[in-house]
Every structure is written in C-alpha cells, then in structure tokens.
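Coordinates from query36.tsv are shown below (TSV, C-alpha atoms).
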chain	number	residue	atom	x	y	z
L	549	MET	CA	-9.85	-2.16	19.58
L	550	THR	CA	-7.48	-2.63	22.53
L	551	LEU	CA	-3.97	-3.94	22.05
L	552	SER	CA	-3.49	-7.69	22.36
L	553	GLU	CA	-0.91	-9.36	24.58
L	554	GLU	CA	1.20	-9.99	21.47
L	555	ASP	CA	1.01	-6.28	20.62
L	556	ARG	CA	2.09	-5.33	24.12
L	557	GLY	CA	5.08	-7.66	23.85
L	558	GLU	CA	6.59	-5.55	21.09
L	559	GLY	CA	6.29	-2.33	23.12
L	560	GLN	CA	3.18	-0.21	23.39
L	561	GLY	CA	4.53	2.57	21.20
L	562	GLY	CA	5.43	0.18	18.38
L	563	ALA	CA	2.16	-1.70	18.73
L	564	ALA	CA	0.12	1.51	18.66
L	565	TYR	CA	2.03	2.62	15.56
L	566	ARG	CA	1.31	-0.67	13.82
L	567	ARG	CA	-2.39	-0.55	14.66
L	568	LEU	CA	-2.75	3.02	13.45
L	569	LEU	CA	-0.94	2.10	10.24
L	570	GLU	CA	-3.49	-0.66	9.70
L	571	GLU	CA	-6.38	1.75	10.29
L	572	ILE	CA	-4.96	4.16	7.72
L	573	ARG	CA	-4.43	1.32	5.24
L	574	ALA	CA	-8.00	0.07	5.72
L	575	GLY	CA	-9.46	3.55	5.38
L	576	ARG	CA	-10.84	3.62	8.92
L	577	LEU	CA	-8.58	6.63	9.44
L	578	ALA	CA	-8.97	8.72	6.31
L	579	ALA	CA	-7.22	11.81	4.97
L	580	GLY	CA	-8.11	14.80	7.14
L	581	ASP	CA	-9.12	12.76	10.19
L	582	ARG	CA	-7.77	14.22	13.41
L	583	LEU	CA	-5.64	12.05	15.69
L	584	ARG	CA	-6.68	12.93	19.23
L	585	GLU	CA	-4.28	11.39	21.74
L	586	THR	CA	-6.86	10.95	24.51
L	587	GLU	CA	-9.41	9.30	22.23
L	588	LEU	CA	-6.86	6.97	20.62
L	589	ALA	CA	-5.32	6.03	23.97
L	590	GLU	CA	-8.74	5.04	25.29
L	591	ARG	CA	-9.56	3.05	22.17
L	592	LEU	CA	-6.22	1.21	22.20
L	593	GLY	CA	-6.24	0.68	25.96
L	594	VAL	CA	-2.90	2.41	26.55
L	595	SER	CA	-1.65	5.69	28.00
L	596	ARG	CA	-1.15	8.79	25.90
L	597	THR	CA	2.64	8.34	25.78
L	598	PRO	CA	2.76	5.38	23.34
L	599	VAL	CA	0.06	7.06	21.24
L	600	ARG	CA	2.20	10.20	21.10
L	601	GLU	CA	5.18	8.06	20.04
L	602	ALA	CA	3.10	6.40	17.33
L	603	ILE	CA	1.88	9.74	15.97
L	604	ARG	CA	5.46	11.05	15.83
L	605	GLN	CA	6.52	7.98	13.84
L	606	LEU	CA	3.59	8.40	11.46
L	607	GLU	CA	4.62	12.02	11.00
L	608	ALA	CA	8.18	10.90	10.22
L	609	ASP	CA	6.72	8.50	7.64
L	610	GLY	CA	4.91	11.42	5.99
L	611	LEU	CA	1.48	9.98	6.80
L	612	VAL	CA	0.49	12.54	9.42
L	613	THR	CA	0.75	16.31	9.48
L	614	HIS	CA	0.20	18.95	12.15
L	615	VAL	CA	-2.52	21.48	11.37
L	616	PRO	CA	-2.34	24.84	13.21
L	617	ARG	CA	-4.82	25.03	16.12
L	618	GLN	CA	-6.07	21.51	15.33
L	619	GLY	CA	-3.19	19.16	16.03
L	620	ALA	CA	-2.22	15.99	14.19
L	621	SER	CA	-4.29	14.66	11.32
L	622	VAL	CA	-3.89	12.10	8.54
L	623	ARG	CA	-2.51	13.93	5.54
L	624	GLY	CA	-4.05	13.72	2.11
L	625	LEU	CA	-2.47	13.37	-1.32
L	626	ASP	CA	-3.33	15.67	-4.19
L	627	TYR	CA	-3.67	14.54	-7.80
L	628	ALA	CA	-0.05	15.33	-8.67
L	629	GLU	CA	1.27	13.36	-5.68
L	630	VAL	CA	-0.85	10.33	-6.60
L	631	MET	CA	0.53	10.42	-10.14
L	632	GLU	CA	4.11	10.77	-8.88
L	633	LEU	CA	3.74	7.89	-6.42
L	634	TYR	CA	2.40	5.51	-9.04
L	635	GLU	CA	5.06	6.56	-11.54
L	636	MET	CA	7.74	5.67	-9.00
L	637	ARG	CA	5.94	2.46	-8.09
L	638	ALA	CA	5.94	1.40	-11.75
L	639	VAL	CA	9.68	2.08	-11.98
L	640	LEU	CA	10.60	0.30	-8.75
L	641	GLU	CA	8.31	-2.72	-9.04
L	642	GLY	CA	9.14	-3.05	-12.72
L	643	THR	CA	12.80	-3.24	-11.71
L	644	ALA	CA	11.93	-5.84	-9.05
L	645	ALA	CA	10.23	-8.01	-11.68
L	646	ARG	CA	13.24	-7.72	-14.02
L	647	LEU	CA	15.65	-8.73	-11.24
L	648	ALA	CA	13.37	-11.58	-10.12
L	649	ALA	CA	13.40	-13.03	-13.65
L	650	ARG	CA	17.12	-13.56	-13.16
L	651	ALA	CA	17.34	-14.32	-9.43
L	652	ALA	CA	14.10	-16.10	-8.41
L	653	SER	CA	14.29	-19.77	-7.54
L	654	GLU	CA	11.78	-22.26	-8.93
L	655	ILE	CA	10.28	-22.52	-5.44
L	656	GLU	CA	9.76	-18.76	-5.31
L	657	ILE	CA	8.08	-18.73	-8.72
L	658	ASP	CA	5.83	-21.62	-7.66
L	659	GLU	CA	4.85	-19.67	-4.52
L	660	LEU	CA	3.95	-16.64	-6.63
L	661	ALA	CA	1.76	-18.83	-8.84
L	662	THR	CA	0.05	-20.31	-5.77
L	663	LEU	CA	-0.67	-16.87	-4.34
L	664	ASN	CA	-2.17	-15.75	-7.63
L	665	GLU	CA	-4.46	-18.79	-7.76
L	666	GLU	CA	-5.61	-18.03	-4.22
L	667	LEU	CA	-6.34	-14.49	-5.42
L	668	VAL	CA	-8.60	-15.99	-8.11
L	669	ARG	CA	-10.61	-17.81	-5.44
L	670	ALA	CA	-10.76	-14.75	-3.19
L	671	GLY	CA	-12.38	-12.54	-5.83
L	672	ALA	CA	-13.26	-8.96	-4.89
L	673	THR	CA	-13.10	-9.49	-1.11
L	674	PRO	CA	-11.03	-7.97	1.72
L	675	GLN	CA	-8.84	-11.10	1.54
L	676	ALA	CA	-7.78	-10.01	-1.95
L	677	TYR	CA	-5.77	-7.14	-0.45
L	678	ASP	CA	-3.73	-9.48	1.75
L	679	LEU	CA	-3.09	-11.94	-1.06
L	680	ASN	CA	-2.12	-9.18	-3.48
L	681	ARG	CA	0.21	-7.69	-0.87
L	682	GLN	CA	1.78	-11.11	-0.33
L	683	PHE	CA	2.25	-11.56	-4.08
L	684	HIS	CA	4.07	-8.25	-4.47
L	685	ALA	CA	6.13	-8.86	-1.31
L	686	ALA	CA	7.12	-12.34	-2.53
L	687	LEU	CA	8.16	-10.90	-5.89
L	688	LEU	CA	10.26	-8.28	-4.12
L	689	ASP	CA	11.91	-10.98	-2.01
L	690	ALA	CA	12.66	-12.92	-5.19
L	691	ALA	CA	14.42	-9.88	-6.67
L	692	LYS	CA	17.02	-10.17	-3.88
L	693	ASN	CA	18.00	-6.52	-3.66
L	694	ARG	CA	17.85	-4.99	-0.18
L	695	PHE	CA	18.16	-1.40	-1.36
L	696	LEU	CA	15.27	-1.83	-3.74
L	697	THR	CA	13.23	-3.42	-0.93
L	698	ARG	CA	13.75	-0.40	1.32
L	699	SER	CA	12.76	2.00	-1.44
L	700	ILE	CA	9.54	0.14	-2.22
L	701	GLN	CA	8.60	-0.24	1.45
L	702	GLY	CA	8.88	3.52	1.93
L	703	LEU	CA	6.70	4.10	-1.10
L	704	GLN	CA	4.10	1.62	0.14
L	705	LYS	CA	3.63	3.59	3.35
L	706	ALA	CA	2.84	6.73	1.38
L	707	LEU	CA	0.32	4.78	-0.71
L	708	MET	CA	-1.53	3.80	2.47
L	709	ILE	CA	-2.95	7.31	2.65
L	710	LEU	CA	-5.03	6.48	-0.42
L	711	GLY	CA	-7.05	3.98	1.62
L	712	PRO	CA	-8.45	0.58	0.62
L	713	THR	CA	-7.17	-1.45	-2.30
L	714	THR	CA	-8.48	-1.00	-5.85
L	715	LEU	CA	-9.15	-4.77	-5.90
L	716	THR	CA	-12.54	-4.32	-4.22
L	717	ALA	CA	-13.96	-3.72	-7.71
L	718	PRO	CA	-14.74	-7.16	-9.27
L	719	GLU	CA	-13.49	-6.23	-12.75
L	720	ARG	CA	-10.22	-4.88	-11.30
L	721	ALA	CA	-9.65	-8.04	-9.25
L	722	GLU	CA	-10.08	-10.19	-12.38
L	723	ARG	CA	-7.77	-8.00	-14.44
L	724	ALA	CA	-5.12	-8.01	-11.71
L	725	VAL	CA	-5.00	-11.81	-11.74
L	726	GLU	CA	-4.42	-11.79	-15.51
L	727	GLU	CA	-1.74	-9.11	-15.16
L	728	HIS	CA	-0.01	-11.20	-12.49
L	729	ARG	CA	-0.07	-14.18	-14.85
L	730	ALA	CA	1.68	-12.11	-17.52
L	731	VAL	CA	4.43	-11.34	-15.00
L	732	LEU	CA	4.63	-15.01	-13.99
L	733	ASP	CA	4.93	-16.16	-17.61
L	734	ALA	CA	7.87	-13.80	-18.07
L	735	LEU	CA	9.51	-15.03	-14.85
L	736	ILE	CA	9.16	-18.66	-15.94
L	737	ALA	CA	10.74	-17.76	-19.29
L	738	ARG	CA	13.52	-15.87	-17.43
L	739	ASP	CA	12.74	-12.87	-19.63
L	740	GLY	CA	13.61	-9.82	-17.56
L	741	VAL	CA	12.56	-7.26	-20.16
L	742	ARG	CA	9.12	-8.81	-20.54
L	743	ALA	CA	8.70	-9.21	-16.77
L	744	GLU	CA	9.46	-5.51	-16.24
L	745	ALA	CA	7.05	-4.46	-18.98
L	746	ALA	CA	4.29	-6.70	-17.58
L	747	MET	CA	4.72	-5.33	-14.05
L	748	ARG	CA	4.74	-1.74	-15.28
L	749	ALA	CA	1.50	-2.43	-17.17
L	750	HIS	CA	0.01	-3.91	-14.00
L	751	ILE	CA	0.89	-0.88	-11.88
L	752	GLU	CA	-0.32	1.53	-14.56
L	753	ALA	CA	-3.68	-0.27	-14.69
L	754	ALA	CA	-4.04	0.17	-10.92
L	755	GLN	CA	-3.03	3.80	-11.33
L	756	ARG	CA	-5.84	4.45	-13.79
L	757	VAL	CA	-8.41	3.05	-11.35
L	758	ARG	CA	-6.96	5.06	-8.48
L	759	VAL	CA	-6.89	8.30	-10.47
L	760	ARG	CA	-10.57	7.89	-11.35
L	761	ALA	CA	-11.34	7.47	-7.65
L	762	VAL	CA	-9.33	10.58	-6.74
L	763	ARG	CA	-11.13	12.63	-9.37
L	764	ALA	CA	-14.51	11.37	-8.18
L	765	LYS	CA	-13.74	12.69	-4.69
L	766	ALA	CA	-12.55	16.09	-5.93
L	767	PRO	CA	-14.89	19.05	-5.27
L	768	PRO	CA	-16.86	20.24	-8.31
L	769	LEU	CA	-15.48	23.20	-10.26
L	770	ASP	CA	-17.32	26.50	-10.03
L	771	ASP	CA	-17.87	28.79	-13.01
L	772	GLY	CA	-14.69	30.73	-12.30
L	773	ASP	CA	-12.56	27.57	-12.32
L	774	MET	CA	-13.84	26.66	-15.77
L	775	LEU	CA	-12.96	29.99	-17.42
Written as structure tokens, how would this file's structure read?
Amino acid sequence: MTLSEEDRGEGQGGAAYRRLLEEIRAGRLAAGDRLRETELAERLGVSRTPVREAIRQLEADGLVTHVPRQGASVRGLDYAEVMELYEMRAVLEGTAARLAARAASEIEIDELATLNEELVRAGATPQAYDLNRQFHAALLDAAKNRFLTRSIQGLQKALMILGPTTLTAPERAERAVEEHRAVLDALIARDGVRAEAAMRAHIEAAQRVRVRAVRAKAPPLDDGDML
C-alpha cells in the first residue's frame, strides 16, 4: 500500500496520516496493534520522518498511545468510554438534526433522501459505510453550524478506534435506513424536535449494537470476579 502521486502532492506526512487513519477506521489497524516506524515506512513507500509525523498527529488525536518499552500502538476504548462517546454523539448529532430542520434547503433534503436510497441498494456491504458517512456529513452540513461541525468531527476520530461500521450486519443496515427515513420525514415537516428525537434514537440503536460487540470481545470473568 504505497502512497499515490495524489497522496504525495499533499505532503508525505499528511498523506501517511490520512492512510493510517483509514486503516484504523477499517479495522486493519486494531486496538493494541503496534505502529513500527520502519515497517510502516516500507509499506507506505516513504521515509521514517513522515511516518513519525503521522504517528504524532494520531497521538494528538487520541488514537495512538505510547506503551513503555514497546513504543506507539493504537489505543483501545473501554466500556465506559464507548458509552460516553455514543452519549455525546447522540447529543451532538441530535442537535445537528434539529438545526437542519430549520436551516436545510430543499436541495439538501433531496440529497439526503438520495443517499438513503443508495444505502438501501448497497445493503450490508462495505459501500454502506461510505454512504452512511456521507448521509451524516450532509446532515451536518445542512445544520450550518461550524462549531458543531468541529465538535462532531473530533468525536468521529475517537469512534474510529472501534473499527468497522455496525452496518455490516444485514438487520442493522435495514434498521438504519428506516431510522434515516424517520429523520428525513421530520426534516421535510420542518419539525426540529422530532428530527432531534429521531436522530437520537438512531444513534442509540447503533450504540446498542456496538456495546454488544464490545462485550463479546471482553475477556471472560473468573470466579473471583463474579463474587
């Protein structure tokens, strides 16, 4: 996975950062994986300097931590952190939906509806992640609040540590489409309260799926833990 000419045009450090972000998002770099500069530099086809810059930026984002005697590794999130992240996501994206009900243009609402219909056709495929991301990004754009946008973008980086989207489960992909439609109906009606409630319900549904996945990965309790 060497950097393309387009990647190199944006600066090797920035390009390496973006590629590593994508690997974390896709789950190819998982929580606990070590980030060895030499190995990554060889894989990306760059020197160690841009890789070092990328790792520093990932550390600033809170996605990477330094482990004594081991070096940099992708950090993990515990159960409490997952709950806190989704609680904040529900608040922030619910607010975005409420603001969009007031501020979105008809063109923006039509684009959201188109993206959701494309999500129907995509089903539980890798393309579903991109379409879902575009839907949420378009809704955030429609809210027209730059401070809210920055807050949500910071939160989204932290969520990357959790790995691939919950939409890979067929039943979750179908439910997400219906939840999006509930948000769209509220936007069309210009009902901010209903739009916020629908978006909160959507995020909370994703949270329930994610929490089950986190629990499934947790180590089993021993007899002492159960006392």
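Note that atom CA of Leu633 of chain L and atom CA of Gly562 of chain L are 26.0 Å apart.
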Excluding Val612 of chain L and residues on its chain fewer than 4 positions from it, collect all residues at most 8 Å away from it, counting all atoms listed in the file, and give them as a ChimeraX atom specification.
-> /L:603,606-608,620-623
Separation of atom CA of Glu654 of chain L from atom CA of Ala691 of chain L in Å =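 Separating atom CA of Ala691 of chain L from atom CA of Glu654 of chain L is a distance of 12.9 Å.
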Residue with smallest distance to Ala717 of chain L - pool L:Ala737, L:Leu703, L:Ala743, L:Ala672, counting only C-alpha atoms = L:Ala672
Counting only C-alpha atoms, figure out which residue out of L:Leu696, L:Leu735, L:Ala721, L:Val639 gets nearest to Asn680 of chain L.
->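 Smallest distance to Asn680 of chain L is found for L:Ala721.
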Interatomic distance, atom CA of Leu715 of chain L to atom CA of Leu583 of chain L (Å, one decimal) | 27.6 Å
Could you give me, as a PyMOL selection string, the residues within 9 Å of Arg650 of chain L, counting all atoms listed in the file and dropping anything in the same chain fewer than 4 positions from it?
-> chain L and resi 645-646+691+735+738-740
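Among the candidates L:Arg582, L:Arg729, L:Arg637, L:Arg591, the one nearest to Ser699 of chain L when counting all atoms listed in the file is L:Arg637.
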Quick one: of L:Ile736, L:Val668, L:Ile751, L:Met708, who's nearest to Leu577 of chain L, counting all atoms listed in the file?
->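 Comparing L:Ile736, L:Val668, L:Ile751, L:Met708 against Leu577 of chain L, the winner is L:Met708.
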Please write as a PDB file with C-alpha atoms, keeping the file's coordinate frame the list of polymer residues whose atoms come within 8 Å of (-9.8, 14.2, 5.4), counting only C-alpha atoms and keeping to the coordinates of the file.
ATOM      1  CA  ALA L 578      -8.970   8.720   6.310  1.00  0.00           C
ATOM      2  CA  ALA L 579      -7.220  11.810   4.970  1.00  0.00           C
ATOM      3  CA  GLY L 580      -8.110  14.800   7.140  1.00  0.00           C
ATOM      4  CA  ASP L 581      -9.120  12.760  10.190  1.00  0.00           C
ATOM      5  CA  VAL L 622      -3.890  12.100   8.540  1.00  0.00           C
ATOM      6  CA  ARG L 623      -2.510  13.930   5.540  1.00  0.00           C
ATOM      7  CA  GLY L 624      -4.050  13.720   2.110  1.00  0.00           C
TER       8      GLY L 624
END
L:Gly593, L:Leu611, L:Leu663, L:Leu679 ranked by distance to Ala706 of chain L, top pick (using all atoms listed in the file) |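 Answer, going by the shortest atom-to-atom distance: L:Leu611.
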Restricting the calculation to all atoms listed in the file, which member of L:Ala563, L:Val725, L:Met636, L:Ala574 is positioned closest to Val594 of chain L?
->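 Closest to Val594 of chain L, using all atoms listed in the file: L:Ala563.
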Which residues come within 8 Å of Glu656 of chain L, counting only C-alpha atoms, excluding same-chain residues fewer than 3 positions away, as a ChimeraX atom specification?
-> /L:652-653,659-660,686,690
Using all atoms listed in the file, what residues lie at most 9 Å away from (-7.2, -0.3, 2.7) (file coordinates), given as number ranges by chain?
-> L: 570-576, 674, 677, 708-714
Since the input has fewer atoms than a full residue there, write segment 608-631 of chain L out with N, CA and C atoms, as a tab-separated table (two decimals), in the coordinates of the input.
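Generated file (rebuild.tsv):
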chain	number	residue	atom	x	y	z
L	608	ALA	N	6.89	11.14	10.87
L	608	ALA	CA	8.18	10.90	10.22
L	608	ALA	C	8.01	10.13	8.91
L	609	ASP	N	7.01	9.27	8.85
L	609	ASP	CA	6.72	8.50	7.64
L	609	ASP	C	6.05	9.36	6.56
L	610	GLY	N	5.60	10.56	6.94
L	610	GLY	CA	4.91	11.42	5.99
L	610	GLY	C	3.42	11.13	5.89
L	611	LEU	N	2.89	10.34	6.84
L	611	LEU	CA	1.48	9.98	6.80
L	611	LEU	C	0.59	10.91	7.63
L	612	VAL	N	1.23	11.65	8.52
L	612	VAL	CA	0.49	12.54	9.42
L	612	VAL	C	1.11	13.92	9.36
L	613	THR	N	0.28	14.93	9.47
L	613	THR	CA	0.75	16.31	9.48
L	613	THR	C	0.12	17.04	10.64
L	614	HIS	N	0.75	18.12	11.07
L	614	HIS	CA	0.20	18.95	12.15
L	614	HIS	C	-0.48	20.17	11.55
L	615	VAL	N	-1.74	20.35	11.86
L	615	VAL	CA	-2.52	21.48	11.37
L	615	VAL	C	-2.59	22.52	12.48
L	616	PRO	N	-2.28	23.79	12.19
L	616	PRO	CA	-2.34	24.84	13.21
L	616	PRO	C	-3.69	24.88	13.92
L	617	ARG	N	-3.64	24.92	15.25
L	617	ARG	CA	-4.82	25.03	16.12
L	617	ARG	C	-5.71	23.79	16.08
L	618	GLN	N	-5.28	22.75	15.37
L	618	GLN	CA	-6.07	21.51	15.33
L	618	GLN	C	-5.29	20.30	15.82
L	619	GLY	N	-3.99	20.30	15.63
L	619	GLY	CA	-3.19	19.16	16.03
L	619	GLY	C	-2.90	18.23	14.87
L	620	ALA	N	-2.61	16.97	15.21
L	620	ALA	CA	-2.22	15.99	14.19
L	620	ALA	C	-3.43	15.47	13.43
L	621	SER	N	-3.24	15.26	12.14
L	621	SER	CA	-4.29	14.66	11.32
L	621	SER	C	-3.64	13.86	10.20
L	622	VAL	N	-4.38	12.90	9.66
L	622	VAL	CA	-3.89	12.10	8.54
L	622	VAL	C	-3.81	13.01	7.31
L	623	ARG	N	-2.67	13.04	6.68
L	623	ARG	CA	-2.51	13.93	5.54
L	623	ARG	C	-3.14	13.33	4.29
L	624	GLY	N	-3.49	14.18	3.37
L	624	GLY	CA	-4.05	13.72	2.11
L	624	GLY	C	-3.03	13.87	0.99
L	625	LEU	N	-3.32	13.26	-0.14
L	625	LEU	CA	-2.47	13.37	-1.32
L	625	LEU	C	-3.27	14.06	-2.42
L	626	ASP	N	-2.64	15.02	-3.08
L	626	ASP	CA	-3.33	15.67	-4.19
L	626	ASP	C	-3.11	14.86	-5.46
L	627	TYR	N	-3.73	15.29	-6.53
L	627	TYR	CA	-3.67	14.54	-7.80
L	627	TYR	C	-2.23	14.35	-8.27
L	628	ALA	N	-1.43	15.41	-8.19
L	628	ALA	CA	-0.05	15.33	-8.67
L	628	ALA	C	0.75	14.32	-7.85
L	629	GLU	N	0.54	14.30	-6.53
L	629	GLU	CA	1.27	13.36	-5.68
L	629	GLU	C	0.88	11.91	-5.98
L	630	VAL	N	-0.40	11.68	-6.24
L	630	VAL	CA	-0.85	10.33	-6.60
L	630	VAL	C	-0.16	9.87	-7.88
L	631	MET	N	-0.12	10.75	-8.87
L	631	MET	CA	0.53	10.42	-10.14
L	631	MET	C	2.02	10.12	-9.92
